[in-house]
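Undergrad: Right, I'll just put the structure down here and ask away after.
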Amino acid sequence: MSTAALPLHVRDLTVKRGARVLCEALSFDVRPNECWVIIGPNGAGKSTLLLMLAGLLPSEDEMPGRSSVEWSGVPLSSLNTHQRARHRAFLASQQSDVFSATVFDAVLTGRHPHLAAWQWESATDVAAAETALARLKLEPLAMRDVRTLSAGERQRVALAAMLAQEPALYLLDEPASHLDPAQQIEALDTILAHAREHRAAVVMVLHELHLATRYADNVILLGRGQAQIGSAAETLTAERLSSLFNTPMAALEGDRIKSFAPEKRASLF
Amino acid sequence: MAALALAVLLLTLLTGSVKVTFSELWAGWRGDDETTTGVAIVLDLRLPRALAAFACGGLLALAGAMMQLLLRNPLADPYVLGVSGGAAVGALLSWLIVMPWLQTPLAVLGALFSALLVWFGARPRGERGSEVSWETGTVPRLLLTGVVVAAGWGALIVLMLSLAPDAQLRSALTWLMGDLSGATMPWKALIVLAVTLVLIWPQARNLNQLAFGSVHAEALGVPLKRTQAWLYGLAALATAAAVVTAGCLPFVGLIVPHALRLLLGNDQRVLLPACVIGGGAFLMLADTAARTLIAPQALPTGVLTALIGVPVFLILLRRA
């Protein structure tokens, strides 16, 4: 497959935070319709990696000819901020609102990349925002002030804004945080269905292992200065996760669910 | 809204210790009658003063709205954060070294430097991605930085005033408190007001994204550094132009954008032009009140805006 058909193509990326190298020589290809999940302990560099993939944190070697990240065959370094926003959507791990705004206006911000400098939102943009609200079942909240929402509601509003953005690549930092178990499934099902309809790809950081086994096609285990990349079946094993989190982990399996959790330790007393 | 501002302008022109009626004013304006003293007072004294009030009100409200977006904090205001103080020190310096032609450049430099101090002081050392937490946890830090910067400028101002000749002390003090009594036709301020609005308005939709956070804005394609640099430079320029014209008028940049946001919402495409008109109208009214409340004595205009601004600020702080 040529890189032009790949929403995300990564070669020899070094994940760095300040002077600290968190992971070196990271290479992988994300195909359309795929869902990738990044898993790892706190401070392993998951968010940093996601910001680099999003072009929001410069990769050290981001210069012409040496770019290690390509979107649809185009080196990240040759795209300006506006062009980047038309390709990928990014969900930050927290939302913070200091100014009042309606939920509808917050979702409508997703249309910003599709508007020319002098353009006002058209009926098409309003329709896209309304569809996004409907898909995440947020219509009853449409006129609420975002500052009055609960964290879980605010998270769904941010997800709706990404749907309105219609990107080829979704990058999500802990999309399930603040959501109750039913909402986690509801929201992620919606995002992934929407992504597949548009042949888009999803890369997300998750701490919920049951969501990783449920949604991931491929997984990046990031920790201890290295990355293990592979299919969900290969990487999501009790053995690998135990060594990644440095704590004994066991598989929990039901008929239609698989997850992993730390084992209960023998009492010290 | 523009009609409202015109009505306020008319009210301002007709209010004062010398009574002038609208028909007299109209006749005088058209030059039909021989000009009466009343009309002369209106055209030579009240009109420049009203226009100066309009320009300064618009400039400060615009500067306040821009600083609130830049710092992502609804409590930001050029006076509270010491930017007006920086401009005042620059302007006073030109007066002290007897180089009045340096007044505007020095005031702009003072405002820029002051805004820079607040920007770096309020922004903790941190890496990308930690913005979200600093933006939410930064209210006390921002205000502390502003208070300290303003106190520093205050000390410099006192130092300069103690070096200045006694004869000019009173006028300098009144000017510092914000005073429009000596206003001549404020061409400079009106031009800066127009230029600032024309330069920032095309950025308004980008600014709307910025209101939701810097990471959010950049992810949606807003050129972050460039937009912040525009906001920063234009807010400092607008503040300096207002200070050179009328001294430090407290809290205009806080009250006006806040009231307009409650009325019109937070779409900068509407809010920024509304700040110009609303800020102008507000300061014209405040100035009219200042010169008529205890007539024939006139209050410095800044005393009045401070008396309104302090309770508003405290209520907002309580809610933040």
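Starting from 1 in every chain, residues are counted up; chains themselves are A, B, ... following the order of the structure tokens, and ligands are numbered from 1 as listed.
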From a backbone DSSP assignment, name each residue in stretch 2-99 of chain A labelled helix (DSSP H, G or I), as a PyMOL selection string.

TA: chain A and resi 3-5+46-53+76-78+81-87

Undergrad: Residues within 9 Å of stretch 249-254 of chain A, please, as a PyMOL selection string. Count only C-alpha atoms; anything in the same chain fewer than 6 positions from it doesn't count.

TA: chain A and resi 237-243+260-263

Undergrad: May I have the selected residues written with C-alpha atoms, as a PDB file, in the first residue's frame?

TA:
```
ATOM      1  CA  THR A 237      -1.981 -10.733  26.913  1.00  0.00           C
ATOM      2  CA  ALA A 238      -1.665 -11.078  30.674  1.00  0.00           C
ATOM      3  CA  GLU A 239       2.060 -11.674  30.332  1.00  0.00           C
ATOM      4  CA  ARG A 240       2.826  -8.548  28.282  1.00  0.00           C
ATOM      5  CA  LEU A 241       0.566  -6.322  30.324  1.00  0.00           C
ATOM      6  CA  SER A 242       2.065  -7.600  33.597  1.00  0.00           C
ATOM      7  CA  SER A 243       5.536  -6.637  32.485  1.00  0.00           C
ATOM      8  CA  PHE A 260      -7.373  -7.491  32.238  1.00  0.00           C
ATOM      9  CA  ALA A 261      -6.966  -6.365  35.816  1.00  0.00           C
ATOM     10  CA  PRO A 262      -4.185  -6.407  38.442  1.00  0.00           C
ATOM     11  CA  GLU A 263      -4.326  -9.498  40.599  1.00  0.00           C
TER      12      GLU A 263
END
```

Undergrad: If you count only C-alpha atoms, which residues fall within 10 Å of B:Leu156, apart from same-chain ones fewer than 4 positions away, as a ChimeraX atom specification?

TA: /B:85-86,88-89,92-93,150-152,160-162

Undergrad: Which residues come within 12 Å of A:Ala54, counting only C-alpha atoms, excluding same-chain residues fewer than 4 positions away, as a ChimeraX atom specification?

TA: /A:7-10,47-50,58-59,69-71,76-77,79,81,83-92,167-173,202-204 /B:129,215-216,218-221

Undergrad: For stretch 210-216 of chain A, find every residue with an atom within 8 Å (counting only C-alpha atoms), except residues of its own chain fewer than 2 positions away, and show them as a ChimeraX atom specification.

TA: /A:35-37,185,206,208,218-219,232,236,257-260

Undergrad: Output C-alpha atoms for every residue in the selection just made, as an mmCIF file, in the first residue's frame.

TA:
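See out38.cif below for the written result:
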```
data_model
loop_
_atom_site.group_PDB
_atom_site.id
_atom_site.type_symbol
_atom_site.label_atom_id
_atom_site.label_comp_id
_atom_site.auth_asym_id
_atom_site.auth_seq_id
_atom_site.Cartn_x
_atom_site.Cartn_y
_atom_site.Cartn_z
ATOM 1 C CA CYS A 35 -8.568 1.554 15.256
ATOM 2 C CA TRP A 36 -5.267 1.788 17.149
ATOM 3 C CA VAL A 37 -4.988 1.940 20.896
ATOM 4 C CA ILE A 185 -19.548 2.099 24.794
ATOM 5 C CA LEU A 206 -6.893 4.354 26.692
ATOM 6 C CA GLU A 208 -9.637 1.014 30.171
ATOM 7 C CA ASN A 218 -3.718 -2.854 16.646
ATOM 8 C CA VAL A 219 -2.050 -1.818 19.854
ATOM 9 C CA ALA A 232 -4.626 -6.731 19.597
ATOM 10 C CA LEU A 236 -3.114 -7.758 24.839
ATOM 11 C CA ILE A 257 -16.174 -9.396 27.051
ATOM 12 C CA LYS A 258 -12.488 -9.687 27.732
ATOM 13 C CA SER A 259 -10.445 -7.511 30.007
ATOM 14 C CA PHE A 260 -7.373 -7.491 32.238
#
```

Undergrad: Can you list, as a list of chain:residue names, every protein, DNA or RNA residue that comes within 12 Å of A:Leu149 when you count only C-alpha atoms, leaving out same-chain residues fewer than 2 positions away?

TA: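 The neighbour list is A:Gln95, A:Ser96, A:Asp97, A:Ser100, A:Ala101, A:Thr102, A:Val103, A:Leu138, A:Leu141, A:Ala142, A:Met143, A:Arg144, A:Asp145, A:Val146, A:Arg147, A:Ala151, A:Gly152, A:Glu153, A:Arg154, A:Gln155, A:Arg156, A:Val157, A:Ala158, A:His178.
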
Undergrad: Give me, as JSON, numbers by chain, the contact residues of chain B against chain A at a cut-off of 7 Å, counting only C-alpha atoms.

TA: {"B": [72, 73, 128, 132, 136, 202, 209, 211, 212, 218, 219, 220, 221, 222, 223, 266]}

Undergrad: Using the selection just defined, write its residues with N, CA and C atoms as a PDB file, in the first residue's frame.

TA:
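Just written: out.pdb:
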```
ATOM      1  N   ARG B  72      -7.004  34.101  28.456  1.00  0.00           N
ATOM      2  CA  ARG B  72      -8.127  33.192  28.704  1.00  0.00           C
ATOM      3  C   ARG B  72      -8.652  33.384  30.106  1.00  0.00           C
ATOM      4  N   ASN B  73      -8.950  34.631  30.404  1.00  0.00           N
ATOM      5  CA  ASN B  73      -9.388  34.945  31.747  1.00  0.00           C
ATOM      6  C   ASN B  73     -10.317  36.145  31.706  1.00  0.00           C
ATOM      7  N   ARG B 128       4.017  21.516  26.439  1.00  0.00           N
ATOM      8  CA  ARG B 128       2.798  21.400  25.659  1.00  0.00           C
ATOM      9  C   ARG B 128       1.889  20.334  26.254  1.00  0.00           C
ATOM     10  N   VAL B 132      -3.842  23.035  29.395  1.00  0.00           N
ATOM     11  CA  VAL B 132      -5.206  22.945  29.893  1.00  0.00           C
ATOM     12  C   VAL B 132      -5.225  23.205  31.390  1.00  0.00           C
ATOM     13  N   THR B 136      -6.758  26.674  33.508  1.00  0.00           N
ATOM     14  CA  THR B 136      -7.836  26.661  34.489  1.00  0.00           C
ATOM     15  C   THR B 136      -7.353  27.130  35.854  1.00  0.00           C
ATOM     16  N   PRO B 202     -10.852  40.685  11.333  1.00  0.00           N
ATOM     17  CA  PRO B 202     -10.741  39.497  10.476  1.00  0.00           C
ATOM     18  C   PRO B 202     -10.304  38.247  11.241  1.00  0.00           C
ATOM     19  N   GLN B 209     -12.259  30.358  18.615  1.00  0.00           N
ATOM     20  CA  GLN B 209     -11.689  29.047  18.949  1.00  0.00           C
ATOM     21  C   GLN B 209     -10.769  29.172  20.161  1.00  0.00           C
ATOM     22  N   ALA B 211     -11.061  31.038  22.624  1.00  0.00           N
ATOM     23  CA  ALA B 211     -11.828  31.123  23.867  1.00  0.00           C
ATOM     24  C   ALA B 211     -12.031  29.731  24.473  1.00  0.00           C
ATOM     25  N   PHE B 212     -11.984  28.695  23.640  1.00  0.00           N
ATOM     26  CA  PHE B 212     -12.166  27.330  24.154  1.00  0.00           C
ATOM     27  C   PHE B 212     -10.843  26.707  24.607  1.00  0.00           C
ATOM     28  N   GLU B 218      -5.544  25.405  18.297  1.00  0.00           N
ATOM     29  CA  GLU B 218      -4.522  24.986  17.344  1.00  0.00           C
ATOM     30  C   GLU B 218      -4.944  23.713  16.615  1.00  0.00           C
ATOM     31  N   ALA B 219      -5.614  22.810  17.339  1.00  0.00           N
ATOM     32  CA  ALA B 219      -6.090  21.578  16.693  1.00  0.00           C
ATOM     33  C   ALA B 219      -7.120  21.893  15.615  1.00  0.00           C
ATOM     34  N   LEU B 220      -7.792  23.034  15.727  1.00  0.00           N
ATOM     35  CA  LEU B 220      -8.775  23.408  14.715  1.00  0.00           C
ATOM     36  C   LEU B 220      -8.186  24.340  13.663  1.00  0.00           C
ATOM     37  N   GLY B 221      -6.868  24.490  13.664  1.00  0.00           N
ATOM     38  CA  GLY B 221      -6.241  25.202  12.569  1.00  0.00           C
ATOM     39  C   GLY B 221      -5.967  26.668  12.813  1.00  0.00           C
ATOM     40  N   VAL B 222      -6.027  27.116  14.056  1.00  0.00           N
ATOM     41  CA  VAL B 222      -5.699  28.510  14.354  1.00  0.00           C
ATOM     42  C   VAL B 222      -4.184  28.645  14.494  1.00  0.00           C
ATOM     43  N   PRO B 223      -3.547  29.523  13.706  1.00  0.00           N
ATOM     44  CA  PRO B 223      -2.109  29.730  13.885  1.00  0.00           C
ATOM     45  C   PRO B 223      -1.877  30.418  15.229  1.00  0.00           C
ATOM     46  N   ASN B 266     -20.669  35.363  23.222  1.00  0.00           N
ATOM     47  CA  ASN B 266     -19.215  35.498  23.139  1.00  0.00           C
ATOM     48  C   ASN B 266     -18.688  35.272  21.721  1.00  0.00           C
TER      49      ASN B 266
END
```

Undergrad: Using only C-alpha atoms, find the one residue out of B:Pro273, B:Gly182, B:Gly279, B:Gly213 that sits nearest to B:Ala55.

TA: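 Residue with the minimum atom-to-atom distance to B:Ala55: B:Gly279.
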
Undergrad: Expressed in Å to a single decimal, how great is the separation between atom CA of B:Leu163 and atom CA of B:Val244?

TA: 20.3 Å

Undergrad: Write out as a ChimeraX atom specification each polymer residue whose atoms come within 9 Å of B:Ala91, counting only C-alpha atoms; drop sequence neighbours fewer than 2 positions from it.

TA: /B:86-89,93-96,100,102-108,110,240,243-244

Undergrad: Using only N, CA and C atoms, please write the residues we just selected to a file, as a short mmCIF file (atom, residue, chain, number, x, y, z; two decimals), in the first residue's frame.

TA:
```cif
data_model
loop_
_atom_site.label_atom_id
_atom_site.label_comp_id
_atom_site.auth_asym_id
_atom_site.auth_seq_id
_atom_site.Cartn_x
_atom_site.Cartn_y
_atom_site.Cartn_z
N GLY B 86 2.13 50.77 32.89
CA GLY B 86 3.34 50.78 32.06
C GLY B 86 3.29 51.91 31.05
N ALA B 87 2.12 52.08 30.43
CA ALA B 87 1.97 53.15 29.44
C ALA B 87 2.11 54.51 30.11
N ALA B 88 1.55 54.64 31.32
CA ALA B 88 1.61 55.92 32.04
C ALA B 88 3.06 56.27 32.39
N VAL B 89 3.84 55.25 32.80
CA VAL B 89 5.24 55.50 33.12
C VAL B 89 5.98 55.99 31.88
N LEU B 93 7.59 59.67 31.55
CA LEU B 93 9.03 59.77 31.31
C LEU B 93 9.31 60.81 30.23
N SER B 94 8.50 60.79 29.16
CA SER B 94 8.72 61.75 28.08
C SER B 94 8.51 63.18 28.60
N TRP B 95 7.59 63.33 29.53
CA TRP B 95 7.29 64.64 30.10
C TRP B 95 8.44 65.10 31.00
N LEU B 96 9.00 64.13 31.74
CA LEU B 96 10.08 64.44 32.68
C LEU B 96 11.36 64.83 31.94
N PRO B 100 8.30 65.81 24.59
CA PRO B 100 6.89 65.40 24.44
C PRO B 100 6.63 64.57 23.18
N LEU B 102 8.18 62.14 22.26
CA LEU B 102 8.43 60.73 22.57
C LEU B 102 7.28 60.09 23.35
N GLN B 103 6.25 60.92 23.67
CA GLN B 103 5.21 60.43 24.57
C GLN B 103 4.54 59.14 24.08
N THR B 104 4.07 59.17 22.84
CA THR B 104 3.35 57.99 22.33
C THR B 104 4.26 56.77 22.21
N PRO B 105 5.43 56.90 21.56
CA PRO B 105 6.29 55.71 21.47
C PRO B 105 6.65 55.14 22.84
N LEU B 106 6.97 56.00 23.79
CA LEU B 106 7.35 55.51 25.12
C LEU B 106 6.16 54.84 25.82
N ALA B 107 4.97 55.41 25.62
CA ALA B 107 3.79 54.81 26.24
C ALA B 107 3.53 53.43 25.64
N VAL B 108 3.69 53.31 24.32
CA VAL B 108 3.50 52.00 23.67
C VAL B 108 4.52 51.00 24.20
N GLY B 110 6.08 51.05 27.08
CA GLY B 110 5.72 50.73 28.46
C GLY B 110 4.60 49.70 28.52
N ALA B 240 -2.11 51.94 25.21
CA ALA B 240 -1.21 53.09 25.20
C ALA B 240 -1.90 54.31 24.60
N VAL B 243 -4.22 55.74 27.18
CA VAL B 243 -3.51 56.36 28.31
C VAL B 243 -2.94 57.72 27.90
N VAL B 244 -2.37 57.80 26.71
CA VAL B 244 -1.81 59.06 26.24
C VAL B 244 -2.90 60.12 26.14
#
```

Undergrad: Determine which residues of stretch 9-227 of chain A DSSP labels as strand (DSSP E) from the backbone of this structure, then write them out as JSON, numbers by chain.

TA: {"A": [9, 10, 11, 12, 13, 14, 15, 16, 17, 20, 21, 22, 23, 24, 25, 26, 27, 28, 29, 30, 35, 36, 37, 38, 39, 69, 70, 71, 74, 75, 88, 89, 90, 91, 169, 170, 171, 172, 173, 201, 202, 203, 204, 205, 218, 219, 220, 221, 222, 223, 226, 227]}

Undergrad: Would you output that residue set with N, CA and C atoms, as a compact mmCIF listing (two decimals), in the first residue's frame?

TA:
```
# COMPACT_ATOMS: atom_id res chain seq x y z
N HIS A 9 1.26 7.61 8.68
CA HIS A 9 2.43 6.79 8.37
C HIS A 9 3.57 7.33 9.23
N VAL A 10 4.15 6.49 10.06
CA VAL A 10 5.18 6.94 11.00
C VAL A 10 6.46 6.15 10.77
N ARG A 11 7.58 6.84 10.60
CA ARG A 11 8.87 6.18 10.41
C ARG A 11 9.91 6.78 11.35
N ASP A 12 10.51 5.93 12.15
CA ASP A 12 11.65 6.36 12.97
C ASP A 12 11.36 7.60 13.80
N LEU A 13 10.23 7.61 14.44
CA LEU A 13 9.88 8.77 15.27
C LEU A 13 10.51 8.63 16.65
N THR A 14 11.10 9.72 17.13
CA THR A 14 11.61 9.74 18.50
C THR A 14 10.63 10.51 19.36
N VAL A 15 10.14 9.88 20.40
CA VAL A 15 9.21 10.55 21.31
C VAL A 15 10.03 11.18 22.42
N LYS A 16 9.97 12.51 22.50
CA LYS A 16 10.80 13.24 23.45
C LYS A 16 9.96 14.21 24.25
N ARG A 17 10.25 14.31 25.50
CA ARG A 17 9.62 15.35 26.32
C ARG A 17 10.76 16.17 26.89
N ARG A 20 14.23 14.50 27.66
CA ARG A 20 14.03 13.10 28.00
C ARG A 20 13.52 12.31 26.80
N VAL A 21 14.26 11.31 26.38
CA VAL A 21 13.80 10.45 25.28
C VAL A 21 12.92 9.36 25.87
N LEU A 22 11.68 9.31 25.42
CA LEU A 22 10.74 8.34 25.99
C LEU A 22 10.67 7.08 25.15
N CYS A 23 10.95 7.22 23.86
CA CYS A 23 10.88 6.06 22.98
C CYS A 23 11.56 6.42 21.67
N GLU A 24 12.31 5.48 21.11
CA GLU A 24 13.03 5.79 19.88
C GLU A 24 12.59 4.88 18.73
N ALA A 25 12.85 5.35 17.53
CA ALA A 25 12.66 4.56 16.31
C ALA A 25 11.29 3.90 16.24
N LEU A 26 10.27 4.70 16.45
CA LEU A 26 8.91 4.19 16.39
C LEU A 26 8.42 4.24 14.94
N SER A 27 7.97 3.08 14.42
CA SER A 27 7.47 3.04 13.04
C SER A 27 6.18 2.24 12.99
N PHE A 28 5.16 2.78 12.36
CA PHE A 28 3.94 2.01 12.11
C PHE A 28 3.07 2.71 11.07
N ASP A 29 2.16 1.95 10.48
CA ASP A 29 1.25 2.49 9.47
C ASP A 29 -0.19 2.27 9.93
N VAL A 30 -0.98 3.32 9.89
CA VAL A 30 -2.39 3.19 10.24
C VAL A 30 -3.21 3.27 8.95
N CYS A 35 -8.58 0.92 13.94
CA CYS A 35 -8.57 1.55 15.26
C CYS A 35 -7.31 1.10 16.00
N TRP A 36 -6.49 2.08 16.40
CA TRP A 36 -5.27 1.79 17.15
C TRP A 36 -5.43 2.31 18.57
N VAL A 37 -4.90 1.52 19.51
CA VAL A 37 -4.99 1.94 20.90
C VAL A 37 -3.58 2.00 21.49
N ILE A 38 -3.29 3.09 22.19
CA ILE A 38 -2.00 3.24 22.86
C ILE A 38 -2.21 2.98 24.35
N ILE A 39 -1.44 2.04 24.89
CA ILE A 39 -1.58 1.68 26.29
C ILE A 39 -0.22 1.78 26.97
N VAL A 69 6.60 11.79 10.24
CA VAL A 69 5.15 11.56 10.25
C VAL A 69 4.57 12.03 8.92
N GLU A 70 3.79 11.17 8.27
CA GLU A 70 3.10 11.55 7.04
C GLU A 70 1.62 11.25 7.17
N TRP A 71 0.81 12.19 6.66
CA TRP A 71 -0.64 11.97 6.62
C TRP A 71 -1.04 11.85 5.15
N VAL A 74 1.54 12.90 2.74
CA VAL A 74 2.08 14.26 2.80
C VAL A 74 2.85 14.43 4.11
N PRO A 75 4.14 14.83 4.03
CA PRO A 75 4.89 15.03 5.28
C PRO A 75 4.23 16.11 6.12
N ARG A 88 -6.93 16.01 10.49
CA ARG A 88 -7.08 15.27 11.73
C ARG A 88 -7.84 16.07 12.78
N ALA A 89 -8.53 15.33 13.63
CA ALA A 89 -9.17 15.95 14.79
C ALA A 89 -8.44 15.47 16.03
N PHE A 90 -8.33 16.32 17.02
CA PHE A 90 -7.60 15.97 18.23
C PHE A 90 -8.46 16.23 19.45
N LEU A 91 -8.57 15.23 20.31
CA LEU A 91 -9.31 15.40 21.56
C LEU A 91 -8.31 15.48 22.71
N LEU A 169 -8.44 11.41 10.19
CA LEU A 169 -7.70 10.79 11.28
C LEU A 169 -8.17 11.36 12.61
N TYR A 170 -8.63 10.48 13.47
CA TYR A 170 -9.07 10.89 14.81
C TYR A 170 -7.98 10.56 15.81
N LEU A 171 -7.53 11.53 16.58
CA LEU A 171 -6.56 11.26 17.63
C LEU A 171 -7.20 11.64 18.96
N LEU A 172 -7.39 10.64 19.82
CA LEU A 172 -8.17 10.86 21.03
C LEU A 172 -7.34 10.54 22.27
N ASP A 173 -7.23 11.51 23.17
CA ASP A 173 -6.51 11.27 24.42
C ASP A 173 -7.53 10.94 25.51
N ALA A 201 -9.43 6.84 10.16
CA ALA A 201 -8.76 5.96 11.12
C ALA A 201 -8.80 6.61 12.50
N VAL A 202 -8.70 5.78 13.53
CA VAL A 202 -8.74 6.28 14.90
C VAL A 202 -7.50 5.80 15.65
N VAL A 203 -6.83 6.71 16.33
CA VAL A 203 -5.75 6.33 17.25
C VAL A 203 -6.10 6.93 18.60
N MET A 204 -6.19 6.09 19.64
CA MET A 204 -6.56 6.65 20.93
C MET A 204 -5.73 6.10 22.09
N VAL A 205 -5.53 6.96 23.08
CA VAL A 205 -4.90 6.55 24.32
C VAL A 205 -6.02 6.07 25.25
N ASN A 218 -5.14 -2.78 16.33
CA ASN A 218 -3.72 -2.85 16.65
C ASN A 218 -3.45 -2.05 17.91
N VAL A 219 -2.35 -2.43 18.56
CA VAL A 219 -2.05 -1.82 19.85
C VAL A 219 -0.59 -1.38 19.90
N ILE A 220 -0.33 -0.25 20.54
CA ILE A 220 1.04 0.16 20.86
C ILE A 220 1.16 0.11 22.38
N LEU A 221 2.02 -0.77 22.86
CA LEU A 221 2.30 -0.81 24.30
C LEU A 221 3.51 0.07 24.52
N LEU A 222 3.31 1.18 25.23
CA LEU A 222 4.39 2.16 25.39
C LEU A 222 4.80 2.18 26.84
N GLY A 223 6.09 1.90 27.08
CA GLY A 223 6.55 1.94 28.45
C GLY A 223 7.98 1.47 28.56
N GLN A 226 10.43 1.78 25.55
CA GLN A 226 10.27 1.11 24.27
C GLN A 226 8.80 0.92 23.93
N ALA A 227 8.57 0.59 22.67
CA ALA A 227 7.20 0.37 22.23
C ALA A 227 7.07 -1.02 21.62
```

Undergrad: Mind pulling up the distance from atom CA of B:Thr145 to atom CA of B:Leu272?

TA: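 Value for the atom CA of B:Leu272-atom CA of B:Thr145 distance: 26.0 Å.
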
Undergrad: What is the distance, in Å and to one decimal place, between atom CA of A:Gln228 and atom CA of A:Pro175?

TA: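 A separation of 22.0 Å between them.
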